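Student: Dumping the structure here so I can ask a few things about it.
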Amino acid sequence: MYIKKIDTFPLLYRLPRRYGDANGMKSYRTCFLIRITTDSGIEGWGECVDWLPTLQKGFHERIIPFLLGKPIADRAKILQTIIQWNARSAAALSMALTEIMAKKSGISVCDMWGGRFRDKVPVYASFQSYSEDLNWQKNSLALIGQAIHAGFDKIKIKIGGKTIAEDQQHINSVQALLESKIDLALDANQSYDLAAALRWKSLLEAWPNLLWLEEPLKVDYIGEYARLRSRLNIPLAGGENIEKAAKFIPFLTGHALDFITPDPMHAAGLDGFREAGRLARCFGIRITPHTYDGALARLYALFAQACLEPWSKMEADGIEPVEWDVMDNPFTKLLPLSPAAGTIYLPSGNGIGVEPDADMLAYYQWDGSSY
Ligand code: MG
């Protein structure tokens with residue numbers, strides 16, 4: 001079975017109202033899908049994230065000419081080359097080649113990975129809390145209200161982009177809305193140093209519903225993470241931009257995190273992403289995948305969680321939640337999956353069991369203009 005054809009689907013959506021986090025305001029959302037077709041007609045989909053012109057040029061001028069005619073069974077060898085060229089692109093290829101092998105075998109991706117421990121995985125509603133309105137806090141609370149109404153029981157809110165006083169005022173209002181009935185994660189996007197993070201200590205320790213504090217410090221400061229972790233009694237999470245499972249080892253041996261947060265599109269291929277999950281289990285650490293961009297990548301993260309042994313015997317499922325983008329982003333709906341009561345029931349057909357929405361692929365196709 002050989003690679004006969006590769007199509008690319010660069011998609012762009014310009015946001016009518018910008019939103020953001022401590023890293024700045026976003027004015028667009030993008031998506032980049034590929035579809036590999038084999039000589040026997042089997043198709044597999046993949047997704048990666050980067051600037052669209054980089055991906056489009058990279059695929060059409062270098063990666064696709066290299067891949068045409070290559071055997072599907074050479075997945076590892078193919079990925080080794082592509083990771084050297086452009087690690088982000090390798091994520092898409094690893095997904096598409098995985099799906100093709102599963103379909104060829106007449107089984108689901110999960111079955112190919114050894115089978116599921118569970119058929120559903122919890123998701124949390126992930127917000128970009130800042131907007132350009134003077135009354136950004138009111139906007140944020142309205143969006144959170146919608147997510148609660150939609151059935152989410154876990155949410156993640158941004159901090160770190162305003163003064164600590166303003167962010168704390170916002171989170172106090174959020175907590176009043178949640179009434180401790182909804183679990184809350186806070187994400188500072190690496191905004192603080194140890195002293196600034198500790199200014200949250202008394203509030204954090206007064207709240208009973210905190211899931212974790214995400215990336216309070218720069219990700220390189222492993223020792224400072226360990227110090228902060230020893231001084232706070234809430235879990236610390238981080239690592240969404242770490243590309244290789246091995247790079248989590250210093251965090252794990254340094255007792256610096258309670259949750260690692262690898263992203264299937266930031267890791268150089270699905271194998272590295274899944275290795276990070278297994279590594280976390282080896283060290284007794286939890287994993288909550290970062291999947292802010294990408295409906296297909298998110299589905300693979302959900303599959304990986306479904307196939308991971310439970311972290312605990314305390315809960316029925318014992319599996320950590322996956323990020324679900326609830327902001328204005330049409331690409332969240334590219335696949336026919338939507339959470340009910342904060343849970344995704346996984347498709348069970350051959351391969352990934354679902355297909356991207358063809359009308360959306362056509363409607364949002366990037367026209368090559370700058371953005
Ligand atoms: Mg984050």
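We name chains A, B, ... following the order of the structure tokens; residues begin at 1 in each chain, and ligands are numbered from 1 as shown.
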Hey, what's within 9 Å of Lys104 in chain A if we count only C-alpha atoms and toss same-chain stuff fewer than 2 positions away? As a list in words, please?
Tutor: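 Listed by chain and then number, they are Ile42, Glu99, Ile100, Met101, Ala102, Gly106, Ile107, Asn350 and Gly351 of chain A.
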Student: Quick one: residues within 10 Å of Leu15 in chain A, only C-alpha atoms, excluding same-chain residues fewer than 4 positions away - as a list in words?
Tutor: Tyr19, Lys26, Ser27, Tyr28, Arg29, Asp328 and Asn329 of chain A
Student: Now that the selection is made, can you save its residues with all heavy atoms as an mmCIF file, in the first residue's frame?
Tutor:
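Below is the file that was written, result_8.cif:
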data_model
loop_
_atom_site.group_PDB
_atom_site.id
_atom_site.type_symbol
_atom_site.label_atom_id
_atom_site.label_comp_id
_atom_site.auth_asym_id
_atom_site.auth_seq_id
_atom_site.Cartn_x
_atom_site.Cartn_y
_atom_site.Cartn_z
ATOM 1 N N TYR A 19 -10.100 38.295 20.805
ATOM 2 C CA TYR A 19 -10.008 37.838 22.188
ATOM 3 C C TYR A 19 -8.603 37.319 22.435
ATOM 4 O O TYR A 19 -7.843 37.112 21.485
ATOM 5 C CB TYR A 19 -11.067 36.781 22.499
ATOM 6 C CG TYR A 19 -11.150 35.591 21.556
ATOM 7 C CD1 TYR A 19 -10.152 34.621 21.527
ATOM 8 C CD2 TYR A 19 -12.244 35.433 20.708
ATOM 9 C CE1 TYR A 19 -10.248 33.525 20.672
ATOM 10 C CE2 TYR A 19 -12.340 34.342 19.852
ATOM 11 C CZ TYR A 19 -11.327 33.383 19.847
ATOM 12 O OH TYR A 19 -11.425 32.299 19.008
ATOM 13 N N LYS A 26 -5.936 37.696 19.835
ATOM 14 C CA LYS A 26 -5.998 36.939 18.579
ATOM 15 C C LYS A 26 -6.987 37.618 17.640
ATOM 16 O O LYS A 26 -8.061 38.025 18.064
ATOM 17 C CB LYS A 26 -6.477 35.509 18.850
ATOM 18 C CG LYS A 26 -5.487 34.720 19.677
ATOM 19 C CD LYS A 26 -6.045 33.380 20.093
ATOM 20 C CE LYS A 26 -4.989 32.561 20.803
ATOM 21 N NZ LYS A 26 -4.498 33.211 22.054
ATOM 22 N N SER A 27 -6.605 37.733 16.353
ATOM 23 C CA SER A 27 -7.535 38.326 15.391
ATOM 24 C C SER A 27 -7.981 37.307 14.341
ATOM 25 O O SER A 27 -8.737 37.636 13.428
ATOM 26 C CB SER A 27 -6.911 39.542 14.711
ATOM 27 O OG SER A 27 -5.655 39.211 14.207
ATOM 28 N N TYR A 28 -7.498 36.083 14.430
ATOM 29 C CA TYR A 28 -7.911 35.038 13.475
ATOM 30 C C TYR A 28 -7.730 33.676 14.136
ATOM 31 O O TYR A 28 -7.024 33.543 15.142
ATOM 32 C CB TYR A 28 -7.076 35.101 12.196
ATOM 33 C CG TYR A 28 -5.594 34.967 12.449
ATOM 34 C CD1 TYR A 28 -5.003 33.720 12.579
ATOM 35 C CD2 TYR A 28 -4.785 36.097 12.601
ATOM 36 C CE1 TYR A 28 -3.659 33.593 12.848
ATOM 37 C CE2 TYR A 28 -3.431 35.980 12.872
ATOM 38 C CZ TYR A 28 -2.873 34.718 12.988
ATOM 39 O OH TYR A 28 -1.528 34.595 13.264
ATOM 40 N N ARG A 29 -8.378 32.678 13.554
ATOM 41 C CA ARG A 29 -8.129 31.273 13.900
ATOM 42 C C ARG A 29 -7.845 30.540 12.600
ATOM 43 O O ARG A 29 -8.447 30.854 11.560
ATOM 44 C CB ARG A 29 -9.344 30.646 14.605
ATOM 45 C CG ARG A 29 -9.722 31.328 15.911
ATOM 46 C CD ARG A 29 -8.644 31.300 16.966
ATOM 47 N NE ARG A 29 -8.298 29.962 17.414
ATOM 48 C CZ ARG A 29 -8.858 29.350 18.458
ATOM 49 N NH1 ARG A 29 -9.818 29.965 19.141
ATOM 50 N NH2 ARG A 29 -8.483 28.124 18.818
ATOM 51 N N ASP A 328 -15.208 31.755 20.026
ATOM 52 C CA ASP A 328 -15.693 31.864 18.645
ATOM 53 C C ASP A 328 -14.645 31.246 17.715
ATOM 54 O O ASP A 328 -13.601 31.855 17.448
ATOM 55 C CB ASP A 328 -15.895 33.361 18.318
ATOM 56 C CG ASP A 328 -16.327 33.572 16.867
ATOM 57 O OD1 ASP A 328 -16.779 32.593 16.237
ATOM 58 O OD2 ASP A 328 -16.204 34.714 16.395
ATOM 59 N N ASN A 329 -14.890 30.020 17.265
ATOM 60 C CA ASN A 329 -13.945 29.296 16.416
ATOM 61 C C ASN A 329 -14.700 28.209 15.669
ATOM 62 O O ASN A 329 -15.009 27.162 16.240
ATOM 63 C CB ASN A 329 -12.826 28.672 17.272
ATOM 64 C CG ASN A 329 -11.876 27.842 16.425
ATOM 65 O OD1 ASN A 329 -11.897 27.912 15.194
ATOM 66 N ND2 ASN A 329 -11.052 27.046 17.086
#
Student: For ligand 1, collect every residue having any atom at a distance of at most 7 Å from a ligand atom (counting only C-alpha atoms and all ligand atoms); output as a PyMOL selection string.
Tutor: chain A and resi 187+189+214-215+240+290
Student: Keeping only C-alpha atoms, take the residues you just selected and write them out as a compact mmCIF listing (two decimals), in the first residue's frame.
Tutor:
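Written output follows (out-v8.txt):
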# COMPACT_ATOMS: atom_id res chain seq x y z
CA ASP A 187 -3.82 29.53 33.25
CA ASN A 189 0.69 31.50 30.29
CA GLU A 214 -1.28 26.23 34.73
CA GLU A 215 2.08 27.69 33.70
CA GLU A 240 2.03 22.55 26.38
CA HIS A 290 -3.48 20.82 25.76
Student: Name the residues of range 83-142 of chain A that fall into strand (DSSP E) according to DSSP on the backbone, using the chain letters and numbers of this document, as a list in words.
Tutor: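 Secondary structure check on range 83-142 of chain A, strand (DSSP E): Lys120, Val121, Pro122, Val123, Tyr124, Ala125, Ser126, Tyr130 and Ser131 of chain A.
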Student: May I have the residues within 9 Å of range 194-199 of chain A as a list in words, using only C-alpha atoms and disregarding those fewer than 3 positions away in the same chain?
Tutor: Ile164, Ser191, Ser202, Leu203, Pro216, Leu217, Glu224, Tyr225, Arg227, Leu228, Arg231 and Leu232 of chain A
Student: May I have the selected residues written with C-alpha atoms, as a compact mmCIF listing (two decimals), in the first residue's frame?
Tutor:
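Okay, this is what ended up in result_0.txt:
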# COMPACT_ATOMS: atom_id res chain seq x y z
CA ILE A 164 -2.75 40.73 39.74
CA SER A 191 3.41 35.39 33.22
CA SER A 202 -4.17 32.98 50.06
CA LEU A 203 -6.94 33.12 47.43
CA PRO A 216 2.42 30.32 36.43
CA LEU A 217 6.18 30.53 35.65
CA GLU A 224 11.22 27.43 40.75
CA TYR A 225 8.26 25.24 39.79
CA ARG A 227 9.65 25.49 45.03
CA LEU A 228 6.22 26.86 44.13
CA ARG A 231 4.55 26.14 48.89
CA LEU A 232 1.05 25.86 47.34
Student: Do a neighbour search on Leu12 in chain A at 10 Å with only C-alpha atoms, toss out local chain neighbours closer than 4 positions, and write the hits as a list in words.
Tutor: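 What passes the distance filter is Tyr28, Arg29, Thr30, Cys31, Phe32, Leu52, Pro330, Phe331, Leu361, Tyr363, Tyr364, Gln365, Trp366, Asp367, Gly368, Ser369 and Tyr371 of chain A.
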Student: Write out, as a short mmCIF file (atom, residue, chain, number, x, y, z; two decimals), in the first residue's frame, the residues just selected, with C-alpha atoms.
Tutor:
data_model
loop_
_atom_site.label_atom_id
_atom_site.label_comp_id
_atom_site.auth_asym_id
_atom_site.auth_seq_id
_atom_site.Cartn_x
_atom_site.Cartn_y
_atom_site.Cartn_z
CA TYR A 28 -7.91 35.04 13.47
CA ARG A 29 -8.13 31.27 13.90
CA THR A 30 -6.62 28.83 11.43
CA CYS A 31 -6.69 25.12 10.73
CA PHE A 32 -4.49 23.01 8.46
CA LEU A 52 -0.51 28.72 6.92
CA PRO A 330 -15.84 27.45 13.66
CA PHE A 331 -13.10 24.80 13.42
CA LEU A 361 -13.50 22.75 4.38
CA TYR A 363 -16.27 27.55 3.00
CA TYR A 364 -13.26 28.47 5.15
CA GLN A 365 -10.57 27.68 2.59
CA TRP A 366 -7.70 30.17 2.93
CA ASP A 367 -7.38 32.23 -0.28
CA GLY A 368 -3.66 32.88 0.09
CA SER A 369 -4.09 36.47 1.30
CA TYR A 371 -3.43 37.76 7.66
#
Student: Determine the nearest neighbour of Leu33 in chain A from the options A:Trp85, A:Trp51, A:Phe9, A:Phe303, counting only C-alpha atoms.
Tutor: A:Phe9
Student: I need the residues of range 232-280 of chain A that end up classed as helix (DSSP H, G or I) by DSSP on the backbone, written out as a count of residues only.
Tutor: 20
Student: With distances taken over only C-alpha atoms, which of A:Glu166, A:Asp39, A:Glu320, A:Asp111 is nearest to Gly349 in chain A?
Tutor: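 Using only C-alpha atoms, Gly349 in chain A sits closest to A:Asp111.
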Student: For CA of Ser180 in chain A and CA of Tyr130 in chain A, determine how far apart the two atoms are, in Å to one decimal place.
Tutor: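 The value is 22.5 Å.
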Student: For range 87-90 of chain A, list every protein, DNA or RNA residue within 7 Å, evaluated using only C-alpha atoms, and leave out those in the same chain fewer than 5 positions away; present the list as a list in words.
Tutor: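 Counting only the stated atoms, we get Cys48, Val49, Leu79, Ile82, Met265, His266, Ala268 and Gly269 of chain A.
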Student: Per residue of range 283-332 of chain A within 9 Å of range 276-279 of chain A, which atom pair is closest and at what distance in Å (one decimal), using only C-alpha atoms, listed by chain and increasing number, as CSV?
Tutor:
residue,atom,partner,partner_atom,distance
A:Phe283,CA,A:Leu279,CA,6.5
A:Gly284,CA,A:Leu279,CA,8.7
A:Ile285,CA,A:Leu279,CA,8.4
A:Arg286,CA,A:Gly277,CA,8.1
A:Ile287,CA,A:Gly277,CA,6.1
A:Thr288,CA,A:Gly277,CA,8.8
A:Pro289,CA,A:Gly277,CA,8.7
A:Ala304,CA,A:Gly277,CA,8.1
A:Gln305,CA,A:Gly277,CA,8.3
A:Leu308,CA,A:Arg278,CA,7.5
A:Glu309,CA,A:Arg278,CA,8.9
Student: Taking only C-alpha atoms into account, which of A:Leu68, A:Ala73, A:Phe117, A:Phe152 comes nearest Pro310 in chain A?
Tutor: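 Checking each of A:Leu68, A:Ala73, A:Phe117, A:Phe152 against Pro310 in chain A, counting only C-alpha atoms, the winner is A:Phe117.
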Student: What's around Ala96 in chain A at 12 Å? Count only C-alpha atoms, leave out sequence neighbours fewer than 5 positions away in its own chain, and write the answer as an NGL selection string.
Tutor: :A and (3 or 6-8 or 33-38 or 42-48 or 72 or 75 or 79 or 89-91 or 101-103 or 109 or 269-270 or 296-297 or 300 or 351-352)
